[in-house]
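Structure data (compact mmCIF, C-alpha atoms and all ligand atoms) from query_13.txt:
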```
# COMPACT_ATOMS: atom_id res chain seq x y z
CA MET A 1 -19.83 17.71 -13.63
CA VAL A 2 -19.85 15.97 -10.26
CA ASP A 3 -20.90 17.86 -7.15
CA TRP A 4 -18.32 16.62 -4.60
CA LYS A 5 -20.09 18.38 -1.73
CA HIS A 6 -22.82 15.77 -1.99
CA THR A 7 -20.54 12.75 -2.09
CA ASP A 8 -20.51 10.83 1.20
CA LYS A 9 -17.09 11.36 2.76
CA ASN A 10 -17.52 8.18 4.79
CA ALA A 11 -18.23 6.05 1.71
CA PRO A 12 -15.63 3.32 1.05
CA ILE A 13 -12.64 3.46 -1.28
CA GLY A 14 -12.50 0.77 -3.97
CA VAL A 15 -9.13 -0.85 -4.65
CA PHE A 16 -8.32 -3.55 -7.18
CA ASP A 17 -5.53 -5.66 -8.60
CA SER A 18 -5.17 -8.83 -10.65
CA GLY A 19 -4.64 -10.73 -7.39
CA VAL A 20 -2.73 -10.21 -4.17
CA GLY A 21 -0.24 -7.52 -5.30
CA GLY A 22 -2.65 -4.68 -4.57
CA LEU A 23 -2.53 -5.64 -0.91
CA THR A 24 0.81 -3.80 -0.71
CA VAL A 25 -1.13 -0.65 -1.66
CA VAL A 26 -4.00 -1.43 0.74
CA ARG A 27 -1.46 -1.82 3.55
CA GLU A 28 -0.17 1.70 2.88
CA ILE A 29 -3.68 3.18 2.69
CA MET A 30 -4.52 1.54 6.04
CA ARG A 31 -1.36 3.06 7.56
CA GLN A 32 -1.68 6.53 6.10
CA ILE A 33 -5.47 7.07 6.23
CA PRO A 34 -6.76 4.79 8.97
CA ASN A 35 -10.32 6.16 9.03
CA GLU A 36 -11.13 4.92 5.55
CA LYS A 37 -13.26 1.93 4.65
CA ILE A 38 -11.89 -0.21 1.83
CA ILE A 39 -13.53 -2.61 -0.61
CA TYR A 40 -10.78 -4.68 -2.24
CA PHE A 41 -11.16 -6.86 -5.31
CA GLY A 42 -8.43 -9.30 -6.42
CA ASP A 43 -8.98 -10.99 -9.78
CA THR A 44 -7.49 -14.31 -8.64
CA ALA A 45 -9.28 -16.30 -11.35
CA ARG A 46 -7.71 -14.30 -14.18
CA VAL A 47 -4.25 -13.39 -12.81
CA PRO A 48 -1.72 -12.66 -14.34
CA TYR A 49 -2.64 -9.52 -16.23
CA GLY A 50 0.98 -8.84 -17.14
CA SER A 51 1.01 -11.26 -20.07
CA LYS A 52 -2.42 -10.26 -21.46
CA SER A 53 -3.43 -7.76 -24.13
CA LYS A 54 -4.53 -4.18 -23.56
CA GLU A 55 -8.07 -5.05 -24.74
CA THR A 56 -8.40 -7.93 -22.28
CA VAL A 57 -6.97 -6.03 -19.30
CA THR A 58 -9.24 -3.06 -20.11
CA ARG A 59 -12.32 -5.30 -20.31
CA PHE A 60 -11.45 -6.96 -16.97
CA SER A 61 -10.79 -3.57 -15.35
CA LYS A 62 -14.14 -2.17 -16.52
CA GLN A 63 -15.98 -5.16 -15.03
CA ILE A 64 -14.20 -4.62 -11.72
CA VAL A 65 -15.02 -0.91 -11.69
CA ARG A 66 -18.70 -1.78 -12.25
CA PHE A 67 -18.53 -4.24 -9.33
CA LEU A 68 -16.85 -1.70 -7.01
CA ASN A 69 -19.41 0.95 -7.96
CA THR A 70 -22.17 -1.26 -6.53
CA PHE A 71 -20.75 -0.24 -3.11
CA GLN A 72 -21.09 3.49 -3.95
CA VAL A 73 -17.34 3.91 -3.52
CA LYS A 74 -16.15 7.53 -3.41
CA THR A 75 -12.97 6.83 -5.36
CA ILE A 76 -11.12 3.90 -6.94
CA VAL A 77 -7.43 3.02 -6.74
CA VAL A 78 -6.11 0.86 -9.56
CA ALA A 79 -3.53 -0.96 -7.43
CA CYS A 80 -2.04 -2.74 -10.42
CA ASN A 81 0.62 -1.25 -12.68
CA THR A 82 -0.51 -3.30 -15.66
CA ALA A 83 -4.12 -2.11 -15.39
CA SER A 84 -2.89 1.44 -14.70
CA ALA A 85 -0.73 1.31 -17.85
CA TYR A 86 -3.37 -0.22 -20.10
CA ALA A 87 -6.78 0.86 -18.82
CA LEU A 88 -6.56 3.91 -16.55
CA ASP A 89 -7.17 6.54 -19.26
CA GLU A 90 -10.31 4.79 -20.46
CA LEU A 91 -11.58 4.12 -16.92
CA GLU A 92 -11.09 7.79 -16.02
CA ARG A 93 -12.93 8.98 -19.13
CA GLU A 94 -15.95 6.84 -18.28
CA SER A 95 -16.08 7.49 -14.55
CA ASP A 96 -17.75 10.23 -12.57
CA ILE A 97 -15.71 9.47 -9.45
CA PRO A 98 -11.93 10.00 -9.26
CA ILE A 99 -9.80 7.01 -10.25
CA ILE A 100 -6.08 6.95 -9.54
CA GLY A 101 -3.40 4.52 -10.64
CA VAL A 102 0.00 3.56 -9.25
CA VAL A 103 2.26 4.58 -12.13
CA LYS A 104 2.20 8.37 -11.87
CA PRO A 105 2.91 8.53 -8.12
CA GLY A 106 5.93 6.21 -8.59
CA THR A 107 7.39 8.29 -11.42
CA ARG A 108 7.14 11.48 -9.38
CA ALA A 109 9.09 9.95 -6.51
CA ALA A 110 11.75 8.47 -8.79
CA SER A 111 12.39 11.69 -10.69
CA GLU A 112 12.91 13.48 -7.36
CA VAL A 113 15.16 10.80 -5.88
CA THR A 114 17.59 10.18 -8.75
CA ARG A 115 20.92 12.01 -8.63
CA ASN A 116 22.55 10.67 -11.79
CA GLY A 117 19.39 10.73 -13.95
CA ARG A 118 19.46 6.95 -14.57
CA VAL A 119 16.30 5.24 -13.35
CA GLY A 120 15.46 1.54 -13.69
CA VAL A 121 11.92 0.14 -13.76
CA ILE A 122 11.09 -3.49 -13.17
CA ALA A 123 7.55 -4.59 -14.02
CA THR A 124 5.42 -7.02 -16.02
CA GLU A 125 5.96 -7.45 -19.75
CA ALA A 126 2.78 -5.45 -20.39
CA THR A 127 3.82 -2.47 -18.25
CA ILE A 128 7.34 -2.35 -19.72
CA GLY A 129 5.98 -2.82 -23.27
CA SER A 130 3.53 0.07 -22.81
CA GLY A 131 6.44 2.49 -22.26
CA ILE A 132 4.33 4.36 -19.73
CA TYR A 133 7.09 4.91 -17.15
CA SER A 134 9.41 6.49 -19.74
CA GLN A 135 6.54 8.63 -21.02
CA TYR A 136 5.54 9.99 -17.59
CA ILE A 137 9.12 10.57 -16.46
CA ALA A 138 9.91 12.41 -19.69
CA GLU A 139 6.94 14.71 -18.94
CA LEU A 140 8.43 15.46 -15.51
CA ASN A 141 12.11 15.70 -16.32
CA ARG A 142 13.66 15.30 -19.77
CA ASP A 143 17.12 14.75 -18.26
CA VAL A 144 16.12 11.45 -16.68
CA THR A 145 16.62 8.25 -18.71
CA VAL A 146 14.45 5.23 -17.90
CA TYR A 147 15.67 1.67 -18.36
CA GLY A 148 12.88 -0.92 -18.23
CA LYS A 149 13.23 -4.62 -17.50
CA ALA A 150 10.33 -7.08 -17.60
CA CYS A 151 10.57 -9.63 -14.77
CA PRO A 152 7.73 -12.09 -15.49
CA LEU A 153 8.88 -14.74 -13.02
CA PHE A 154 8.63 -12.46 -9.99
CA VAL A 155 4.81 -12.61 -9.80
CA PRO A 156 4.62 -16.44 -9.49
CA LEU A 157 7.57 -16.43 -7.05
CA VAL A 158 5.77 -13.90 -4.84
CA GLU A 159 2.47 -15.79 -5.09
CA GLU A 160 4.27 -19.00 -4.07
CA GLY A 161 5.52 -17.21 -0.97
CA LEU A 162 9.22 -17.53 -2.01
CA TRP A 163 10.00 -14.02 -0.75
CA VAL A 164 13.37 -14.93 0.72
CA ASP A 165 14.66 -17.98 -1.12
CA PRO A 166 17.72 -19.04 -3.14
CA VAL A 167 15.53 -19.52 -6.24
CA THR A 168 14.26 -15.93 -6.04
CA ASP A 169 17.86 -14.75 -5.49
CA GLU A 170 19.07 -16.53 -8.60
CA ILE A 171 16.27 -15.21 -10.82
CA ALA A 172 16.61 -11.70 -9.42
CA LYS A 173 20.36 -11.71 -10.19
CA ARG A 174 19.66 -12.69 -13.80
CA TYR A 175 17.07 -9.95 -14.24
CA LEU A 176 18.90 -7.21 -12.38
CA THR A 177 22.50 -7.60 -13.59
CA GLU A 178 21.63 -5.66 -16.75
CA LEU A 179 20.30 -2.73 -14.68
CA ILE A 180 23.31 -2.80 -12.33
CA ASP A 181 25.62 -2.62 -15.39
CA LEU A 182 23.66 0.42 -16.62
CA ASN A 183 24.66 2.25 -13.43
CA ILE A 184 21.13 3.20 -12.36
CA ASP A 185 20.85 4.87 -8.96
CA THR A 186 17.06 4.47 -8.56
CA LEU A 187 14.85 1.44 -9.14
CA ILE A 188 11.06 1.66 -9.36
CA LEU A 189 9.21 -1.44 -8.19
CA GLY A 190 6.74 -1.17 -11.07
CA CYS A 191 4.51 -4.07 -10.08
CA THR A 192 2.50 -4.15 -6.89
CA HIS A 193 3.74 -7.68 -6.12
CA TYR A 194 7.40 -6.63 -5.94
CA PRO A 195 7.50 -4.82 -2.57
CA LEU A 196 7.09 -8.29 -1.05
CA ILE A 197 10.58 -9.25 -2.32
CA ARG A 198 12.03 -5.85 -1.55
CA SER A 199 14.76 -7.15 0.77
CA THR A 200 16.07 -9.50 -1.95
CA LEU A 201 15.98 -6.74 -4.56
CA ALA A 202 17.70 -4.25 -2.24
CA ARG A 203 20.49 -6.69 -1.41
CA ILE A 204 21.16 -7.50 -5.06
CA MET A 205 21.04 -3.88 -6.24
CA GLY A 206 23.37 -2.75 -3.44
CA GLU A 207 23.39 0.29 -1.19
CA GLY A 208 23.94 2.84 -3.95
CA VAL A 209 20.49 2.21 -5.46
CA THR A 210 17.31 3.65 -3.95
CA LEU A 211 14.21 1.50 -4.35
CA VAL A 212 10.95 3.37 -5.00
CA ASN A 213 7.76 1.66 -3.85
CA PRO A 214 4.83 3.33 -5.66
CA ALA A 215 2.40 1.92 -3.05
CA TYR A 216 3.64 4.47 -0.54
CA GLU A 217 3.39 7.38 -2.97
CA THR A 218 -0.05 6.24 -4.16
CA ALA A 219 -1.47 6.29 -0.62
CA MET A 220 -0.05 9.81 -0.18
CA GLU A 221 -1.64 10.93 -3.45
CA LEU A 222 -4.96 9.37 -2.44
CA ARG A 223 -4.89 11.19 0.87
CA LYS A 224 -4.17 14.48 -0.90
CA LEU A 225 -6.94 13.96 -3.44
CA LEU A 226 -9.55 13.10 -0.80
CA SER A 227 -8.49 16.02 1.34
CA GLU A 228 -8.65 18.52 -1.57
CA ARG A 229 -12.19 17.38 -2.40
CA GLY A 230 -13.35 17.33 1.22
CA LEU A 231 -13.77 13.56 1.02
CA LEU A 232 -11.49 12.29 3.80
CA GLY A 233 -13.39 10.01 6.18
CA ASP A 234 -14.07 12.06 9.31
CA HIS A 235 -14.47 9.28 11.88
CA ALA A 236 -13.20 5.78 12.52
CA PRO A 237 -15.79 3.16 11.53
CA ALA A 238 -17.84 1.91 14.48
CA LEU A 239 -16.94 -1.32 16.23
CA GLY A 240 -18.50 -4.23 14.38
CA GLU A 241 -18.70 -2.26 11.16
CA ASN A 242 -16.82 -4.14 8.46
CA GLN A 243 -14.10 -1.58 7.68
CA TYR A 244 -12.15 -3.73 5.24
CA GLN A 245 -13.94 -6.06 2.84
CA PHE A 246 -12.17 -8.39 0.44
CA TYR A 247 -13.60 -9.97 -2.70
CA VAL A 248 -11.92 -12.25 -5.22
CA SER A 249 -12.89 -14.12 -8.38
CA ASP A 250 -11.51 -17.49 -7.14
CA MET A 251 -9.84 -19.27 -4.21
CA ALA A 252 -11.03 -17.02 -1.40
CA ASP A 253 -9.41 -19.06 1.40
CA LYS A 254 -5.99 -19.04 -0.24
CA PHE A 255 -6.32 -15.29 -0.74
CA LYS A 256 -7.35 -14.78 2.88
CA ASN A 257 -4.30 -16.67 4.19
CA PHE A 258 -2.00 -14.72 1.91
CA ALA A 259 -3.60 -11.41 2.90
CA ASN A 260 -3.18 -12.22 6.57
CA SER A 261 0.54 -12.77 6.04
CA ILE A 262 0.87 -9.25 4.60
CA ILE A 263 -1.65 -7.21 6.54
CA LYS A 264 -1.47 -7.29 10.28
CA TYR A 265 -5.07 -6.20 10.66
CA GLY A 266 -6.57 -9.73 10.78
CA ILE A 267 -8.69 -10.32 7.70
CA LEU A 268 -11.59 -12.47 8.74
CA SER A 269 -13.09 -13.25 5.41
CA ALA A 270 -12.78 -12.96 1.66
CA LYS A 271 -15.73 -13.71 -0.60
CA THR A 272 -15.72 -15.15 -4.10
CA ILE A 273 -17.90 -13.35 -6.64
CA HIS A 274 -18.61 -13.93 -10.33
CA ILE A 275 -16.86 -10.98 -11.89
CA GLU A 276 -17.92 -11.95 -15.44
CA GLU A 277 -21.48 -10.99 -14.47
CA TYR A 278 -20.52 -7.30 -14.18
N1 LIG B 1 0.27 -6.68 -9.67
C1 LIG B 1 0.29 -6.56 -11.09
C2 LIG B 1 0.96 -5.24 -11.48
O1 LIG B 1 1.16 -4.38 -10.64
C3 LIG B 1 1.03 -7.66 -11.80
C4 LIG B 1 0.54 -9.03 -11.67
C5 LIG B 1 -0.01 -9.59 -12.94
O2 LIG B 1 0.73 -9.84 -13.91
O3 LIG B 1 -1.21 -9.77 -12.94
O4 LIG B 1 1.28 -5.05 -12.62
```
What does the file become when written as structure tokens?
Amino acid sequence: MVDWKHTDKNAPIGVFDSGVGGLTVVREIMRQIPNEKIIYFGDTARVPYGSKSKETVTRFSKQIVRFLNTFQVKTIVVACNTASAYALDELERESDIPIIGVVKPGTRAASEVTRNGRVGVIATEATIGSGIYSQYIAELNRDVTVYGKACPLFVPLVEEGLWVDPVTDEIAKRYLTELIDLNIDTLILGCTHYPLIRSTLARIMGEGVTLVNPAYETAMELRKLLSERGLLGDHAPALGENQYQFYVSDMADKFKNFANSIIKYGILSAKTIHIEEY
């Protein structure tokens, strides 16, 4: 049993993803809880996770948790739907600090937003195959039906920076037509990369469909969890203190440039580490 009273409330929060997608979650945490320090890890050498097995994604996730724990983080956010779907239960069982994923917060929002009880989820093949969104939503509201659609090409399109582009439009139309025909009124962006092509998705789905971005809900849940345990940072980090630190498993400069196009904070550096050593 962990004694939360003795956990340092000004310790950093660990956040990880297979690559850059988790930055959409980091951006929300920065906005909603600006006093917090963040250690981010993006597994750029081993992305994508969405086409890998549960065993592999779980092994990768455990290595990353061990790396983040070297910073004495007070909590960890799994800012990757695939890792949340495949590994979160096991990570939680083995951890003595709270670990939260992005799937549950998204399902809560979607089941509140839907009016006709027809919710679409777009995500990686792994997340859709795991059936986790249907399972969680069924636990919340049995009258809601979930329609999942794997969209494997969205991750490379986002990573190539083709956020607003005719190619992305064309692929999105092919993926989404099926969900439009199913008359969904709510669409969960079930991969942390997808908020970056939100405007394209919104235009193709049309005004009648509400898009749910789990990044927003996850930051709210994190804030609530830290507050309940008396772990919210109680002062802004001092000038010169490195409030946000970024680590990757490959291509640190490419990551840094990408991160700077998403986060307006000005990320000065990203370091490459050997994640296989953890
Ligand atoms: N960002 C990851 C997710 O939320 C997907 C990217 C990948 O396939 O690694 O599922």
Near-ligand residues for ligand LIG 1 (chain B), threshold 9 Å, all atoms listed in the file, as a ChimeraX atom specification: /A:17-22,43-44,46-52,79-85,102,123-127,152,154-156,189-194
Could you work out an axis-aligned bounding box for all listed atoms of range 217-234 of chain A, with 4 Å added on each of the six sides, and give its centre and edge lengths in Å to one decimal, as AutoDock Vina command-line options?
```
--center_x -5.3 --center_y 12.4 --center_z 2.6 --size_x 25.5 --size_y 20.3 --size_z 21.5
```
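When all atoms listed in the file are used to measure the gap to Ile99 in chain A, the shortest distance among A:Glu36, A:Asp8, A:Glu207, A:Glu221 belongs to A:Glu221.
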Would you kindly return, as a list in words, each protein, DNA or RNA residue with an atom no farther than 12 Å from any atom of Glu277 in chain A, considering all atoms listed in the file and excluding same-chain residues fewer than 4 positions away?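 Using all atoms listed in the file, the neighbours found are Phe60, Lys62, Gln63, Ile64, Arg66, Phe67, Ser249 and Ile273 of chain A.
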What gap, in Å, lies between CA of Arg27 in chain A and CA of Val113 in chain A?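 These two atoms are separated by 22.9 Å.
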With all atoms listed in the file as the atoms that count, which of A:Thr56, A:Thr107, A:Ser95, A:Asn116 lies nearest to Gln135 in chain A? A:Thr107
Near Pro34 in chain A, counting all atoms listed in the file, which residues have an atom at most 10 Å away, once you skip same-chain residues fewer than 5 positions from it, shown as a list in words?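 Neighbouring residues, sequence-local ones excluded: Glu28, Ile29, Gly233, His235, Ala236, Pro237 and Gln243 of chain A.
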Between CA of Leu201 in chain A and CA of Lys104 in chain A, distance in Å (one decimal): 21.7 Å
Long-range neighbours of Ala109 in chain A as a ChimeraX atom specification, 12 Å cut-off, only C-alpha atoms, 2 positions minimum in chain: /A:102-107,111-114,119,133,136-137,140-141,186-189,210-218,220-221
How many Å separate CA of Ala259 in chain A from CA of Asn242 in chain A?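 Result for CA of Ala259 in chain A versus CA of Asn242 in chain A: 16.1 Å, one decimal.
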Restricting the calculation to only C-alpha atoms: of A:Lys149, A:His274, A:Arg115, A:Arg229, which residue gets closest to Gly208 in chain A? A:Arg115
From the list A:Ala202, A:Lys37, A:Val25, A:Ile263, the nearest residue to Ala238 in chain A using all atoms listed in the file is A:Lys37
Considering only C-alpha atoms, state which residue in the set A:Gly230, A:Gly148, A:Pro98, A:Pro12 is at the smallest distance from Asn35 in chain A. A:Pro12
Give me the residues within 12 Å of Leu157 in chain A as JSON, numbers by chain, counting only C-alpha atoms and dropping any in the same chain fewer than 2 places off. {"A": [21, 151, 152, 153, 154, 155, 159, 160, 161, 162, 163, 164, 165, 166, 167, 168, 169, 170, 171, 172, 193, 194, 196, 197]}
So which residues touch Lys264 in chain A within 12 Å, counting all atoms listed in the file, skipping near sequence neighbours fewer than 4 positions away, as a PyMOL selection string? chain A and resi 23-24+26-28+30-31+257-260+268
Smallest atom-to-atom distance to Leu232 in chain A: which of A:Lys74, A:Asn183, A:Val15, A:Ile39, using only C-alpha atoms?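 Nearest candidate to Leu232 in chain A out of A:Lys74, A:Asn183, A:Val15, A:Ile39: A:Lys74.
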